[in-house]
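Trainee: One file: run_10.pdb (PDB, C-alpha atoms and all ligand atoms).
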ATOM      1  CA  MET A   1      -1.543  11.125  -0.741  1.00  0.00           C
ATOM      2  CA  HIS A   2      -3.627  12.758   1.966  1.00  0.00           C
ATOM      3  CA  PRO A   3      -3.935  10.393   4.969  1.00  0.00           C
ATOM      4  CA  ARG A   4      -7.740  10.576   5.084  1.00  0.00           C
ATOM      5  CA  ARG A   5      -8.077   9.791   1.387  1.00  0.00           C
ATOM      6  CA  GLN A   6      -5.485   7.000   1.653  1.00  0.00           C
ATOM      7  CA  TYR A   7      -7.386   5.437   4.558  1.00  0.00           C
ATOM      8  CA  GLU A   8     -10.769   5.751   2.825  1.00  0.00           C
ATOM      9  CA  CYS A   9      -9.436   4.168  -0.382  1.00  0.00           C
ATOM     10  CA  MET A  10      -7.557   1.361   1.373  1.00  0.00           C
ATOM     11  CA  LEU A  11     -10.355   0.499   3.801  1.00  0.00           C
ATOM     12  CA  ASN A  12     -13.050   0.441   1.124  1.00  0.00           C
ATOM     13  CA  LEU A  13     -10.834  -0.821  -1.733  1.00  0.00           C
ATOM     14  CA  LEU A  14     -11.416   2.272  -3.816  1.00  0.00           C
ATOM     15  CA  CYS A  15      -9.124   3.435  -6.611  1.00  0.00           C
ATOM     16  CA  GLN A  16      -6.408   5.719  -5.251  1.00  0.00           C
ATOM     17  CA  VAL A  17      -6.773   8.001  -8.294  1.00  0.00           C
ATOM     18  CA  CYS A  18     -10.526   8.387  -8.957  1.00  0.00           C
ATOM     19  CA  ARG A  19     -12.055   7.007  -5.720  1.00  0.00           C
ATOM     20  CA  GLU A  20     -14.326   4.639  -7.659  1.00  0.00           C
ATOM     21  CA  PRO A  21     -14.305   0.891  -6.784  1.00  0.00           C
ATOM     22  CA  ALA A  22     -10.945  -0.697  -7.557  1.00  0.00           C
ATOM     23  CA  SER A  23     -10.698  -3.324 -10.280  1.00  0.00           C
ATOM     24  CA  GLU A  24     -11.546  -6.790  -9.005  1.00  0.00           C
ATOM     25  CA  ASN A  25     -11.800 -10.115 -10.822  1.00  0.00           C
ATOM     26  CA  GLU A  26     -11.442 -13.811  -9.931  1.00  0.00           C
ATOM     27  CA  ASP A  27      -7.772 -13.214  -8.988  1.00  0.00           C
ATOM     28  CA  GLY A  28      -8.644 -10.348  -6.692  1.00  0.00           C
ATOM     29  CA  VAL A  29      -8.126  -6.608  -6.375  1.00  0.00           C
ATOM     30  CA  LEU A  30      -5.597  -4.723  -8.537  1.00  0.00           C
ATOM     31  CA  PHE A  31      -2.527  -3.178  -6.836  1.00  0.00           C
ATOM     32  CA  PHE A  32       0.836  -1.812  -7.945  1.00  0.00           C
ATOM     33  CA  ASP A  33       3.859  -2.708  -5.856  1.00  0.00           C
ATOM     34  CA  TRP A  34       7.665  -2.347  -5.819  1.00  0.00           C
ATOM     35  CA  ARG A  35      10.336  -4.347  -4.068  1.00  0.00           C
ATOM     36  CA  THR A  36      11.965  -2.319  -1.316  1.00  0.00           C
ATOM     37  CA  LYS A  37      14.551  -3.048   1.342  1.00  0.00           C
ATOM     38  CA  ARG A  38      11.630  -3.848   3.626  1.00  0.00           C
ATOM     39  CA  SER A  39      10.122  -6.413   1.244  1.00  0.00           C
ATOM     40  CA  PRO A  40       9.960 -10.005   2.415  1.00  0.00           C
ATOM     41  CA  ALA A  41      11.972 -12.715   0.643  1.00  0.00           C
ATOM     42  CA  THR A  42       8.639 -13.960  -0.687  1.00  0.00           C
ATOM     43  CA  TRP A  43       7.967 -10.609  -2.496  1.00  0.00           C
ATOM     44  CA  PRO A  44       5.521  -9.760  -3.934  1.00  0.00           C
ATOM     45  CA  GLU A  45       3.791 -12.383  -1.806  1.00  0.00           C
ATOM     46  CA  ARG A  46       3.231 -10.970   1.702  1.00  0.00           C
ATOM     47  CA  SER A  47       4.379  -7.510   0.653  1.00  0.00           C
ATOM     48  CA  LEU A  48       3.205  -4.679   2.897  1.00  0.00           C
ATOM     49  CA  SER A  49       1.642  -1.819   0.974  1.00  0.00           C
ATOM     50  CA  LYS A  50       0.402   1.661   1.809  1.00  0.00           C
ATOM     51  CA  MET A  51      -0.579   2.245  -1.826  1.00  0.00           C
ATOM     52  CA  PRO A  52      -4.345   1.774  -2.263  1.00  0.00           C
ATOM     53  CA  PRO A  53      -5.616  -0.298  -5.199  1.00  0.00           C
ATOM     54  CA  LEU A  54      -6.558   1.003  -8.624  1.00  0.00           C
ATOM     55  CA  CYS A  55      -9.329   0.686 -11.170  1.00  0.00           C
ATOM     56  CA  GLU A  56      -8.183  -0.533 -14.603  1.00  0.00           C
ATOM     57  CA  PRO A  57      -8.652   2.799 -16.445  1.00  0.00           C
ATOM     58  CA  CYS A  58      -6.550   4.644 -13.853  1.00  0.00           C
ATOM     59  CA  ALA A  59      -3.950   1.853 -13.846  1.00  0.00           C
ATOM     60  CA  VAL A  60      -3.648   2.089 -17.624  1.00  0.00           C
ATOM     61  CA  ARG A  61      -3.467   5.890 -17.476  1.00  0.00           C
ATOM     62  CA  SER A  62      -0.800   5.693 -14.755  1.00  0.00           C
ATOM     63  CA  LEU A  63       1.269   3.308 -16.841  1.00  0.00           C
ATOM     64  CA  ALA A  64       1.008   5.603 -19.871  1.00  0.00           C
ATOM     65  CA  GLU A  65       1.690   8.857 -18.062  1.00  0.00           C
ATOM     66  CA  CYS A  66       4.310   7.586 -15.658  1.00  0.00           C
ATOM     67  CA  PRO A  67       6.758   5.571 -17.781  1.00  0.00           C
ATOM     68  CA  HIS A  68       9.179   5.085 -14.914  1.00  0.00           C
ATOM     69  CA  LEU A  69       6.602   2.719 -13.395  1.00  0.00           C
ATOM     70  CA  VAL A  70       7.255   0.006 -15.952  1.00  0.00           C
ATOM     71  CA  SER A  71      10.944   0.849 -16.352  1.00  0.00           C
ATOM     72  CA  GLU A  72      11.467   0.296 -12.646  1.00  0.00           C
ATOM     73  CA  PRO A  73      12.838  -3.261 -12.517  1.00  0.00           C
ATOM     74  CA  THR A  74      11.038  -4.127  -9.315  1.00  0.00           C
ATOM     75  CA  PHE A  75       7.638  -2.763 -10.376  1.00  0.00           C
ATOM     76  CA  VAL A  76       4.793  -5.264 -10.492  1.00  0.00           C
ATOM     77  CA  ALA A  77       1.069  -5.095 -11.047  1.00  0.00           C
ATOM     78  CA  LEU A  78      -0.732  -7.762  -9.078  1.00  0.00           C
ATOM     79  CA  ARG A  79      -4.041  -8.952  -7.808  1.00  0.00           C
ATOM     80  CA  THR A  80      -4.829 -10.234  -4.354  1.00  0.00           C
ATOM     81  CA  PRO A  81      -8.152 -11.772  -3.317  1.00  0.00           C
ATOM     82  CA  ASP A  82      -7.757 -10.772   0.305  1.00  0.00           C
ATOM     83  CA  PRO A  83      -5.787  -7.594   1.022  1.00  0.00           C
ATOM     84  CA  ARG A  84      -5.506  -7.869   4.781  1.00  0.00           C
ATOM     85  CA  ALA A  85      -5.432  -4.895   7.109  1.00  0.00           C
ATOM     86  CA  TRP A  86      -1.940  -5.205   8.629  1.00  0.00           C
ATOM     87  CA  GLY A  87      -1.214  -2.003  10.487  1.00  0.00           C
ATOM     88  CA  ALA A  88      -0.263   1.624  10.105  1.00  0.00           C
ATOM     89  CA  TYR A  89       2.591   3.708   8.757  1.00  0.00           C
ATOM     90  CA  GLY A  90       3.655   6.999  10.259  1.00  0.00           C
ATOM     91  CA  CYS A  91       5.837   8.722  12.800  1.00  0.00           C
ATOM     92  CA  PHE A  92       6.494   7.044  16.125  1.00  0.00           C
ATOM     93  CA  TYR A  93       6.584   9.190  19.270  1.00  0.00           C
ATOM     94  CA  GLN A  94       7.884   7.950  22.595  1.00  0.00           C
ATOM     95  CA  PRO A  95       6.818   9.567  25.879  1.00  0.00           C
ATOM     96  CA  LEU A  96       9.624  10.977  28.021  1.00  0.00           C
ATOM     97  CA  ARG A  97       9.678  12.162  31.612  1.00  0.00           C
ATOM     98  CA  GLY A  98       8.206  15.573  32.237  1.00  0.00           C
ATOM     99  CA  GLY A  99       5.460  15.202  29.647  1.00  0.00           C
ATOM    100  CA  ARG A 100       7.852  15.534  26.740  1.00  0.00           C
ATOM    101  CA  TRP A 101       7.901  13.351  23.650  1.00  0.00           C
ATOM    102  CA  TYR A 102      10.685  12.043  21.481  1.00  0.00           C
ATOM    103  CA  CYS A 103       9.975  11.669  17.757  1.00  0.00           C
ATOM    104  CA  HIS A 104      11.906   8.706  16.366  1.00  0.00           C
ATOM    105  CA  PRO A 105      13.673   9.471  13.112  1.00  0.00           C
ATOM    106  CA  GLY A 106      12.614   7.502  10.080  1.00  0.00           C
ATOM    107  CA  ASP A 107       9.373   5.865   9.095  1.00  0.00           C
ATOM    108  CA  ALA A 108       7.518   3.487  11.366  1.00  0.00           C
ATOM    109  CA  TRP A 109       5.498   0.501  10.168  1.00  0.00           C
ATOM    110  CA  VAL A 110       3.515  -0.825  13.128  1.00  0.00           C
ATOM    111  CA  LYS A 111       1.322  -3.916  13.074  1.00  0.00           C
ATOM    112  CA  TYR A 112      -2.191  -3.764  14.535  1.00  0.00           C
ATOM    113  CA  GLY A 113      -2.056  -5.099  18.083  1.00  0.00           C
ATOM    114  CA  ASP A 114       1.444  -3.705  18.712  1.00  0.00           C
ATOM    115  CA  MET A 115       1.511  -1.458  21.790  1.00  0.00           C
ATOM    116  CA  ARG A 116       3.619   1.083  19.853  1.00  0.00           C
ATOM    117  CA  LEU A 117       0.439   2.026  17.963  1.00  0.00           C
ATOM    118  CA  HIS A 118      -0.423   4.195  20.966  1.00  0.00           C
ATOM    119  CA  GLY A 119       2.531   6.445  20.125  1.00  0.00           C
ATOM    120  CA  LEU A 120       2.095   6.492  16.360  1.00  0.00           C
ATOM    121  CA  ILE A 121       0.894   9.485  14.373  1.00  0.00           C
ATOM    122  CA  ALA A 122      -0.410   7.432  11.470  1.00  0.00           C
ATOM    123  CA  ALA A 123      -0.167   8.706   7.927  1.00  0.00           C
ATOM    124  CA  ALA A 124      -1.349   5.567   6.129  1.00  0.00           C
ATOM    125  CA  MET A 125      -3.163   2.290   6.575  1.00  0.00           C
ATOM    126  CA  VAL A 126      -1.017  -0.701   5.574  1.00  0.00           C
ATOM    127  CA  VAL A 127      -2.314  -3.909   4.015  1.00  0.00           C
ATOM    128  CA  GLU A 128      -0.565  -7.222   3.491  1.00  0.00           C
ATOM    129  CA  LEU A 129      -0.775  -8.566  -0.058  1.00  0.00           C
ATOM    130  CA  THR A 130      -1.283 -12.314   0.066  1.00  0.00           C
ATOM    131  CA  ASP A 131      -2.105 -15.060  -2.427  1.00  0.00           C
ATOM    132  CA  VAL A 132      -0.974 -12.653  -5.149  1.00  0.00           C
ATOM    133  CA  THR A 133      -1.224 -13.160  -8.894  1.00  0.00           C
ATOM    134  CA  ARG A 134       1.079 -11.069 -11.075  1.00  0.00           C
ATOM    135  CA  VAL A 135      -0.653  -9.091 -13.815  1.00  0.00           C
ATOM    136  CA  ASN A 136       0.902  -8.637 -17.245  1.00  0.00           C
ATOM    137  CA  VAL A 137       0.739  -4.855 -17.719  1.00  0.00           C
ATOM    138  CA  GLU A 138       0.565  -5.225 -21.514  1.00  0.00           C
ATOM    139  CA  GLU A 139      -2.651  -7.219 -21.093  1.00  0.00           C
ATOM    140  CA  LEU A 140      -3.942  -4.605 -18.691  1.00  0.00           C
ATOM    141  CA  ALA A 141      -3.439  -1.859 -21.248  1.00  0.00           C
ATOM    142  CA  ALA A 142      -4.951  -3.903 -24.094  1.00  0.00           C
TER     143      ALA A 142
HETATM  144 ZN    ZN B 201      -9.595   4.941 -10.889  1.00  0.00          ZN
END
Output the structure of this file as C-alpha cells.

Mentor:
Amino acid sequence: MHPRRQYECMLNLLCQVCREPASENEDGVLFFDWRTKRSPATWPERSLSKMPPLCEPCAVRSLAECPHLVSEPTFVALRTPDPRAWGAYGCFYQPLRGGRWYCHPGDAWVKYGDMRLHGLIAAAMVVELTDVTRVNVEELAA
C-alpha cells in the first residue's frame, strides 16, 4: 500500500480498499489482523497494526476473493472503539561521522515520542488496537 494512502486511511479511519469511511458500530471500527512474532501475549488485544480499517462491503469482498485470509489460523476480524495512533513503521537510519548514514537492516516499528523517529523513513502509520471485540466473519458476510 502506498505510504500516503496508508496514512490517509489510517488517520481518517477510511477503508483501505475503497477510501470510503470504514465500518463502525457500537463495538468500534472494523480491522483485520494476524498474530505475528511481534504480537503481544494479549493478542489481538493491544496488537499493533499498519493495516488500515475496512468498510463491510470491502471486508466481505476481501474474504471472498482472498481465501487464504480465513484459512490463516491466526487471522481475525475485530472491532476497536479507539484505534490509537501508536507510531510509525519504516526504515531506520543512523547518522555516522562524516555525514554518512547507516540503514539498519529489517523493519523498524517506532513509537511516537521515541527519539529514533528522527532517523526513520516512515512507510506506514501504526495504530494500537485496544478494547477489541472479535467479529465472526460468517456474520460479516451474511
Ligand atoms: Zn471499502

Trainee: State, in Å with one decimal place, the distance from CA of Leu63 in chain A to CA of Pro3 in chain A.

Mentor: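 Calculated distance between CA of Leu63 in chain A and CA of Pro3 in chain A is 23.5 Å.
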
Trainee: Let me make sure I understand: among A:Cys9, A:Arg19, A:Val70, A:Phe31, which one has the smallest atom-to-atom distance to Arg134 in chain A if we use only C-alpha atoms?

Mentor: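 Smallest separation from Arg134 in chain A among the options: A:Phe31.
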
Trainee: Run the PyMOL selection byres (((not hetatm)) within 7 of (chain B and resi 201)) mentally over the shown coordinates, then write out the matched residues as a list in words, using the chain letters and numbers from the document.

Mentor: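 The output of the PyMOL selection byres (((not hetatm)) within 7 of (chain B and resi 201)) on this file is Cys15, Gln16, Val17, Cys18, Arg19, Glu20, Ala22, Leu54, Cys55, Glu56, Pro57 and Cys58 of chain A.
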
Trainee: I need the residues from that last selection saved to file as a PDB file, in the frame of the given file (with C-alpha atoms), if you can.

Mentor:
ATOM      1  CA  CYS A  15      -9.124   3.435  -6.611  1.00  0.00           C
ATOM      2  CA  GLN A  16      -6.408   5.719  -5.251  1.00  0.00           C
ATOM      3  CA  VAL A  17      -6.773   8.001  -8.294  1.00  0.00           C
ATOM      4  CA  CYS A  18     -10.526   8.387  -8.957  1.00  0.00           C
ATOM      5  CA  ARG A  19     -12.055   7.007  -5.720  1.00  0.00           C
ATOM      6  CA  GLU A  20     -14.326   4.639  -7.659  1.00  0.00           C
ATOM      7  CA  ALA A  22     -10.945  -0.697  -7.557  1.00  0.00           C
ATOM      8  CA  LEU A  54      -6.558   1.003  -8.624  1.00  0.00           C
ATOM      9  CA  CYS A  55      -9.329   0.686 -11.170  1.00  0.00           C
ATOM     10  CA  GLU A  56      -8.183  -0.533 -14.603  1.00  0.00           C
ATOM     11  CA  PRO A  57      -8.652   2.799 -16.445  1.00  0.00           C
ATOM     12  CA  CYS A  58      -6.550   4.644 -13.853  1.00  0.00           C
TER      13      CYS A  58
END

Trainee: Please evaluate the PyMOL selection byres (((chain A and resi 131-133) around 7) and not hetatm) against the structure above and give the resulting residues as a list of chain:residue names.

Mentor: A:Asp27, A:Glu45, A:Leu78, A:Arg79, A:Thr80, A:Pro81, A:Leu129, A:Thr130, A:Arg134, A:Val135

Trainee: Could those selected residues go to a file with C-alpha atoms, as a JSON list (two decimals), keeping the file's coordinate frame?

Mentor:
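In the end it all went to part_34.json:
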[["chain", "number", "residue", "atom", "x", "y", "z"],
["A", 27, "ASP", "CA", -7.77, -13.21, -8.99],
["A", 45, "GLU", "CA", 3.79, -12.38, -1.81],
["A", 78, "LEU", "CA", -0.73, -7.76, -9.08],
["A", 79, "ARG", "CA", -4.04, -8.95, -7.81],
["A", 80, "THR", "CA", -4.83, -10.23, -4.35],
["A", 81, "PRO", "CA", -8.15, -11.77, -3.32],
["A", 129, "LEU", "CA", -0.78, -8.57, -0.06],
["A", 130, "THR", "CA", -1.28, -12.31, 0.07],
["A", 134, "ARG", "CA", 1.08, -11.07, -11.08],
["A", 135, "VAL", "CA", -0.65, -9.09, -13.82]]

Trainee: Please write the residues picked by the PyMOL selection byres (((chain A and resi 82-91) around 9) and not hetatm) on this file as JSON, numbers by chain.

Mentor: {"A": [10, 11, 13, 28, 29, 48, 50, 80, 81, 92, 93, 103, 104, 105, 106, 107, 108, 109, 110, 111, 112, 113, 114, 117, 119, 120, 121, 122, 123, 124, 125, 126, 127, 128, 129, 130, 131, 132]}

Trainee: Keeping C-alpha atoms, export the residues of the selection given above as a short mmCIF file (atom, residue, chain, number, x, y, z; two decimals), keeping the file's coordinate frame.

Mentor:
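Generated output (selection_33.cif):
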data_model
loop_
_atom_site.label_atom_id
_atom_site.label_comp_id
_atom_site.auth_asym_id
_atom_site.auth_seq_id
_atom_site.Cartn_x
_atom_site.Cartn_y
_atom_site.Cartn_z
CA MET A 10 -7.56 1.36 1.37
CA LEU A 11 -10.36 0.50 3.80
CA LEU A 13 -10.83 -0.82 -1.73
CA GLY A 28 -8.64 -10.35 -6.69
CA VAL A 29 -8.13 -6.61 -6.38
CA LEU A 48 3.20 -4.68 2.90
CA LYS A 50 0.40 1.66 1.81
CA THR A 80 -4.83 -10.23 -4.35
CA PRO A 81 -8.15 -11.77 -3.32
CA PHE A 92 6.49 7.04 16.12
CA TYR A 93 6.58 9.19 19.27
CA CYS A 103 9.98 11.67 17.76
CA HIS A 104 11.91 8.71 16.37
CA PRO A 105 13.67 9.47 13.11
CA GLY A 106 12.61 7.50 10.08
CA ASP A 107 9.37 5.86 9.10
CA ALA A 108 7.52 3.49 11.37
CA TRP A 109 5.50 0.50 10.17
CA VAL A 110 3.52 -0.82 13.13
CA LYS A 111 1.32 -3.92 13.07
CA TYR A 112 -2.19 -3.76 14.54
CA GLY A 113 -2.06 -5.10 18.08
CA ASP A 114 1.44 -3.70 18.71
CA LEU A 117 0.44 2.03 17.96
CA GLY A 119 2.53 6.44 20.12
CA LEU A 120 2.10 6.49 16.36
CA ILE A 121 0.89 9.48 14.37
CA ALA A 122 -0.41 7.43 11.47
CA ALA A 123 -0.17 8.71 7.93
CA ALA A 124 -1.35 5.57 6.13
CA MET A 125 -3.16 2.29 6.58
CA VAL A 126 -1.02 -0.70 5.57
CA VAL A 127 -2.31 -3.91 4.01
CA GLU A 128 -0.56 -7.22 3.49
CA LEU A 129 -0.78 -8.57 -0.06
CA THR A 130 -1.28 -12.31 0.07
CA ASP A 131 -2.10 -15.06 -2.43
CA VAL A 132 -0.97 -12.65 -5.15
#

Trainee: Report, in Å with one decimal, the straight-line distance from CA of Arg5 in chain A to CA of Met51 in chain A.

Mentor: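 Between CA of Arg5 in chain A and CA of Met51 in chain A the gap is 11.1 Å.
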
Trainee: Kindly give the distance, in Å, that separates CA of Glu26 in chain A and CA of Pro67 in chain A, rounded to a single decimal.

Mentor: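 Going from CA of Glu26 in chain A over to CA of Pro67 in chain A, I get 27.7 Å.
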
Trainee: Calculate, to one decimal in Å, the centre and edge lengths of the box along x, y and z of the file that holds all listed atoms of range 112-116 of chain A with 8 Å of margin on each side, and present them as lines of an AutoDock Vina configuration file.

Mentor:
center_x = 0.7
center_y = -2.0
center_z = 18.2
size_x = 21.8
size_y = 22.2
size_z = 23.3
